[in-house]
Amino acid sequence: MAETMGKVKRELGSEAVILQTREFREGGFLGFFGKLRVEITAAIEEKPVAVQKTPVSNYGYYVEEAKSPVVRPFSESNEETPNLQEELTSMRRMLEKMNHQMEGLGEEKSSWPPMLQRWADHLHGRGISENLVKRLISHVQQTLLPEEWVDDAQVYARIEANVRQICGQIGLIQPGIDKPRIVALIGATGVGKTTTIGKLAAGFSIVDKRKVALITADTYRVAAVEQLKTFGEIIGVPVEVVMTPTGLREALELHADKELIFIDTAGRSPQHDIHMSELRAFLDKAKPDFTMLVLSATTQFADQLRIYQRFEGLTTHLIFTKLDETGSAGSILNLLGQTTLPTAYLTNGQNVPDDIEAATPLRMARHVLGEEMPHA
Ligand SMILES: Nc1nc2c(ncn2[C@@H]2O[C@H](COP(=O)(O)OP(=O)(O)OP(=O)(O)O)[C@@H](O)[C@H]2O)c(=O)[nH]1
Ligand SMILES: [Mg+2]
């Protein structure tokens, strides 16, 4: 950390302000056993950018260039014996207009200058909500000069930085030290809970050499039990099948020597109150350290949001699956714009154990915006 601080001071000067420091590991499996890295976010105060040529309100709307005498500096108008009444009327008209424009926020689609409209269209095409598109494009409009809007690389960099910020909360599984860490996966039916447990269990046990056990509370379907047992056999980790919350408690005690215990649950339709209360009873007994809500990127945002809200009190982390199946993962950004819960993992295919990655703001931004830079 000290070494990196020195580097910051050397590169940015002693006026630099440290905004944030972070230590993380790079390389290794899912962030473990990697090299320790230090990231410092620092800033230097620059001379304020020259007033933008195109007048813009805080909300990214164009404000019509105010006619004099409103914008005329007072020193000048003093010479001309100002007509105060006229000035006030004109000011009031301008305020009314701005008010009117602000009322429309969040409803109508903005129209942007052509160079920015291309980007707004691209972001809409990725499934990003109107509100977030406004936020992203306004940021570009306010931080770059109009002549810089033609520079795709610069515009993209601004948007990506903003998206990374929205995706900034990350929380990965850390195996327990003297008692097992308990990780439960919950979510709607068919989103990939069992498959993701297979991937995580394989990664942690085979690559990371951790002691892992699997428990399934999904006894609704024989196939579900078989699915997890098959994963367990291939990976070489024990699988317990439990029917009741008490059975769950016993299974957890049986594996008190493990470092990680994954609990698979039956997919719940968030519309069914009975299913939800059963799940709650299971989780009450399991007392998981992490309760990860699995959401499929292929689910449309309105449904994702409903599911998220239904599981909200139970969830501690998010997992996004099936990122390989959609070309418009903007819905995950829409959701992250509304929650402070951290994201843990991203999955992008059916292959166990390969198709999973630890979430990072950059990887998430790439999924949301697309791997390729648009208009290139
Ligand atoms: N393309 C793609 N398919 C996936 C991904 N993850 C899981 N699947 C597939 O989605 C289907 C359902 O996966 P499961 O793991 O059984 O889902 P689940 O949430 O356990 O389902 P229930 O137990 O029925 O609620 C399977 O065909 C998986 O192979 C992914 O990241 N990408
Ligand atoms: Mg399942």
# chains A, B, ... in the order shown; residues from 1 in each chain; ligands from 1
>>> residues_near_ligand(ligand="ligand 2", cutoff="7 Å", atoms="only C-alpha atoms and all ligand atoms", output="ChimeraX atom specification")
/A:190,192-194,224,264-267
>>> write_last_selection(atoms="N, CA and C atoms", output="PDB file, in the first residue's frame")
ATOM      1  N   GLY A 190     -35.719 -23.114 -12.590  1.00  0.00           N
ATOM      2  CA  GLY A 190     -34.999 -23.254 -13.850  1.00  0.00           C
ATOM      3  C   GLY A 190     -33.960 -22.197 -14.168  1.00  0.00           C
ATOM      4  N   GLY A 192     -30.948 -21.997 -12.943  1.00  0.00           N
ATOM      5  CA  GLY A 192     -29.577 -22.530 -12.942  1.00  0.00           C
ATOM      6  C   GLY A 192     -28.966 -22.682 -11.560  1.00  0.00           C
ATOM      7  N   LYS A 193     -29.784 -22.840 -10.528  1.00  0.00           N
ATOM      8  CA  LYS A 193     -29.251 -22.967  -9.159  1.00  0.00           C
ATOM      9  C   LYS A 193     -28.389 -24.221  -9.009  1.00  0.00           C
ATOM     10  N   THR A 194     -28.959 -25.362  -9.427  1.00  0.00           N
ATOM     11  CA  THR A 194     -28.247 -26.625  -9.227  1.00  0.00           C
ATOM     12  C   THR A 194     -26.971 -26.666 -10.069  1.00  0.00           C
ATOM     13  N   ALA A 224     -34.367 -33.857  -9.595  1.00  0.00           N
ATOM     14  CA  ALA A 224     -33.565 -32.803  -8.979  1.00  0.00           C
ATOM     15  C   ALA A 224     -32.515 -33.406  -8.061  1.00  0.00           C
ATOM     16  N   ASP A 264     -28.698 -26.594  -1.954  1.00  0.00           N
ATOM     17  CA  ASP A 264     -29.537 -26.366  -3.143  1.00  0.00           C
ATOM     18  C   ASP A 264     -30.997 -26.361  -2.689  1.00  0.00           C
ATOM     19  N   THR A 265     -31.754 -25.459  -3.213  1.00  0.00           N
ATOM     20  CA  THR A 265     -33.175 -25.408  -2.844  1.00  0.00           C
ATOM     21  C   THR A 265     -34.030 -25.582  -4.094  1.00  0.00           C
ATOM     22  N   ALA A 266     -35.275 -25.958  -3.874  1.00  0.00           N
ATOM     23  CA  ALA A 266     -36.192 -26.121  -5.011  1.00  0.00           C
ATOM     24  C   ALA A 266     -36.531 -24.743  -5.556  1.00  0.00           C
ATOM     25  N   GLY A 267     -36.640 -24.670  -6.879  1.00  0.00           N
ATOM     26  CA  GLY A 267     -37.041 -23.400  -7.472  1.00  0.00           C
ATOM     27  C   GLY A 267     -38.401 -22.984  -6.936  1.00  0.00           C
TER      28      GLY A 267
END
>>> residues_around(residues="range 170-187 of chain A", least_positions_apart="5", cutoff="6 Å", atoms="only C-alpha atoms", output="ChimeraX atom specification")
/A:258-265,267,288-294,342-344
>>> residues_near_ligand(ligand="ligand 1", cutoff="10 Å", atoms="only C-alpha atoms and all ligand atoms", output="number ranges by chain")
A: 185-199, 216, 218-221, 223-225, 227-228, 264-269, 294-298, 320-326, 346-352, 355-356
>>> select_by_dssp(residues="range 127-259 of chain A", states="helix (DSSP H, G or I)", output="MDAnalysis selection string")
chainID A and resid 130:143 146:148 152:166 193:207 222:235 245:254
>>> write_last_selection(atoms="C-alpha atoms", output="PDB file, in the first residue's frame")
ATOM      1  CA  GLU A 130     -34.678   4.810 -20.003  1.00  0.00           C
ATOM      2  CA  ASN A 131     -33.682   6.293 -16.654  1.00  0.00           C
ATOM      3  CA  LEU A 132     -30.258   4.701 -16.682  1.00  0.00           C
ATOM      4  CA  VAL A 133     -29.685   5.613 -20.329  1.00  0.00           C
ATOM      5  CA  LYS A 134     -30.410   9.207 -19.363  1.00  0.00           C
ATOM      6  CA  ARG A 135     -27.989   8.988 -16.496  1.00  0.00           C
ATOM      7  CA  LEU A 136     -25.221   7.483 -18.634  1.00  0.00           C
ATOM      8  CA  ILE A 137     -25.610   9.842 -21.580  1.00  0.00           C
ATOM      9  CA  SER A 138     -25.987  12.940 -19.383  1.00  0.00           C
ATOM     10  CA  HIS A 139     -22.727  12.012 -17.749  1.00  0.00           C
ATOM     11  CA  VAL A 140     -21.032  11.948 -21.140  1.00  0.00           C
ATOM     12  CA  GLN A 141     -22.695  15.211 -22.085  1.00  0.00           C
ATOM     13  CA  GLN A 142     -21.530  16.905 -18.929  1.00  0.00           C
ATOM     14  CA  THR A 143     -17.999  15.583 -18.748  1.00  0.00           C
ATOM     15  CA  PRO A 146     -19.264  18.505 -27.682  1.00  0.00           C
ATOM     16  CA  GLU A 147     -16.279  18.231 -30.036  1.00  0.00           C
ATOM     17  CA  GLU A 148     -15.172  15.159 -28.087  1.00  0.00           C
ATOM     18  CA  ASP A 152     -16.059   6.859 -29.753  1.00  0.00           C
ATOM     19  CA  ALA A 153     -13.282   5.538 -27.548  1.00  0.00           C
ATOM     20  CA  GLN A 154     -13.621   8.438 -25.118  1.00  0.00           C
ATOM     21  CA  VAL A 155     -17.405   8.262 -25.004  1.00  0.00           C
ATOM     22  CA  TYR A 156     -17.289   4.505 -24.483  1.00  0.00           C
ATOM     23  CA  ALA A 157     -14.753   4.906 -21.694  1.00  0.00           C
ATOM     24  CA  ARG A 158     -17.042   7.352 -19.868  1.00  0.00           C
ATOM     25  CA  ILE A 159     -20.061   5.088 -20.208  1.00  0.00           C
ATOM     26  CA  GLU A 160     -18.124   2.017 -19.168  1.00  0.00           C
ATOM     27  CA  ALA A 161     -16.700   3.753 -16.100  1.00  0.00           C
ATOM     28  CA  ASN A 162     -20.200   4.755 -15.079  1.00  0.00           C
ATOM     29  CA  VAL A 163     -21.560   1.239 -15.606  1.00  0.00           C
ATOM     30  CA  ARG A 164     -18.679  -0.202 -13.592  1.00  0.00           C
ATOM     31  CA  GLN A 165     -19.586   2.127 -10.788  1.00  0.00           C
ATOM     32  CA  ILE A 166     -23.196   0.914 -10.792  1.00  0.00           C
ATOM     33  CA  LYS A 193     -29.251 -22.967  -9.159  1.00  0.00           C
ATOM     34  CA  THR A 194     -28.247 -26.625  -9.227  1.00  0.00           C
ATOM     35  CA  THR A 195     -25.899 -26.209 -12.186  1.00  0.00           C
ATOM     36  CA  THR A 196     -24.214 -23.235 -10.506  1.00  0.00           C
ATOM     37  CA  ILE A 197     -23.728 -25.248  -7.302  1.00  0.00           C
ATOM     38  CA  GLY A 198     -22.082 -27.946  -9.441  1.00  0.00           C
ATOM     39  CA  LYS A 199     -19.699 -25.359 -10.904  1.00  0.00           C
ATOM     40  CA  LEU A 200     -18.864 -23.782  -7.550  1.00  0.00           C
ATOM     41  CA  ALA A 201     -18.464 -27.127  -5.773  1.00  0.00           C
ATOM     42  CA  ALA A 202     -16.143 -28.391  -8.529  1.00  0.00           C
ATOM     43  CA  GLY A 203     -14.076 -25.230  -8.509  1.00  0.00           C
ATOM     44  CA  PHE A 204     -13.669 -25.062  -4.767  1.00  0.00           C
ATOM     45  CA  SER A 205     -13.038 -28.780  -4.247  1.00  0.00           C
ATOM     46  CA  ILE A 206     -10.981 -29.758  -7.303  1.00  0.00           C
ATOM     47  CA  VAL A 207      -9.103 -26.562  -8.167  1.00  0.00           C
ATOM     48  CA  VAL A 222     -36.652 -37.162  -8.168  1.00  0.00           C
ATOM     49  CA  ALA A 223     -34.718 -35.723 -11.095  1.00  0.00           C
ATOM     50  CA  ALA A 224     -33.565 -32.803  -8.979  1.00  0.00           C
ATOM     51  CA  VAL A 225     -31.996 -35.101  -6.371  1.00  0.00           C
ATOM     52  CA  GLU A 226     -30.408 -37.222  -9.090  1.00  0.00           C
ATOM     53  CA  GLN A 227     -28.976 -34.131 -10.758  1.00  0.00           C
ATOM     54  CA  LEU A 228     -27.107 -33.010  -7.636  1.00  0.00           C
ATOM     55  CA  LYS A 229     -26.047 -36.570  -6.752  1.00  0.00           C
ATOM     56  CA  THR A 230     -24.546 -36.928 -10.218  1.00  0.00           C
ATOM     57  CA  PHE A 231     -22.588 -33.691  -9.794  1.00  0.00           C
ATOM     58  CA  GLY A 232     -21.459 -34.893  -6.347  1.00  0.00           C
ATOM     59  CA  GLU A 233     -20.257 -38.241  -7.706  1.00  0.00           C
ATOM     60  CA  ILE A 234     -18.313 -36.703 -10.582  1.00  0.00           C
ATOM     61  CA  ILE A 235     -16.697 -34.073  -8.404  1.00  0.00           C
ATOM     62  CA  PRO A 245     -35.754 -28.489   8.348  1.00  0.00           C
ATOM     63  CA  THR A 246     -34.699 -30.856  11.169  1.00  0.00           C
ATOM     64  CA  GLY A 247     -33.072 -33.193   8.659  1.00  0.00           C
ATOM     65  CA  LEU A 248     -31.214 -30.187   7.343  1.00  0.00           C
ATOM     66  CA  ARG A 249     -29.837 -29.372  10.785  1.00  0.00           C
ATOM     67  CA  GLU A 250     -28.569 -32.968  11.145  1.00  0.00           C
ATOM     68  CA  ALA A 251     -26.923 -32.903   7.730  1.00  0.00           C
ATOM     69  CA  LEU A 252     -25.128 -29.676   8.605  1.00  0.00           C
ATOM     70  CA  GLU A 253     -23.823 -31.207  11.851  1.00  0.00           C
ATOM     71  CA  LEU A 254     -22.623 -34.271   9.955  1.00  0.00           C
TER      72      LEU A 254
END
>>> closest_residue(among="A:Glu86, A:Ala329, A:Gln338, A:Ala217", to="Leu283 in chain A", atoms="only C-alpha atoms")
A:Ala217
>>> atom_distance(atom1="CA of Arg366 in chain A", atom2="CA of Thr299 in chain A")
18.7 Å
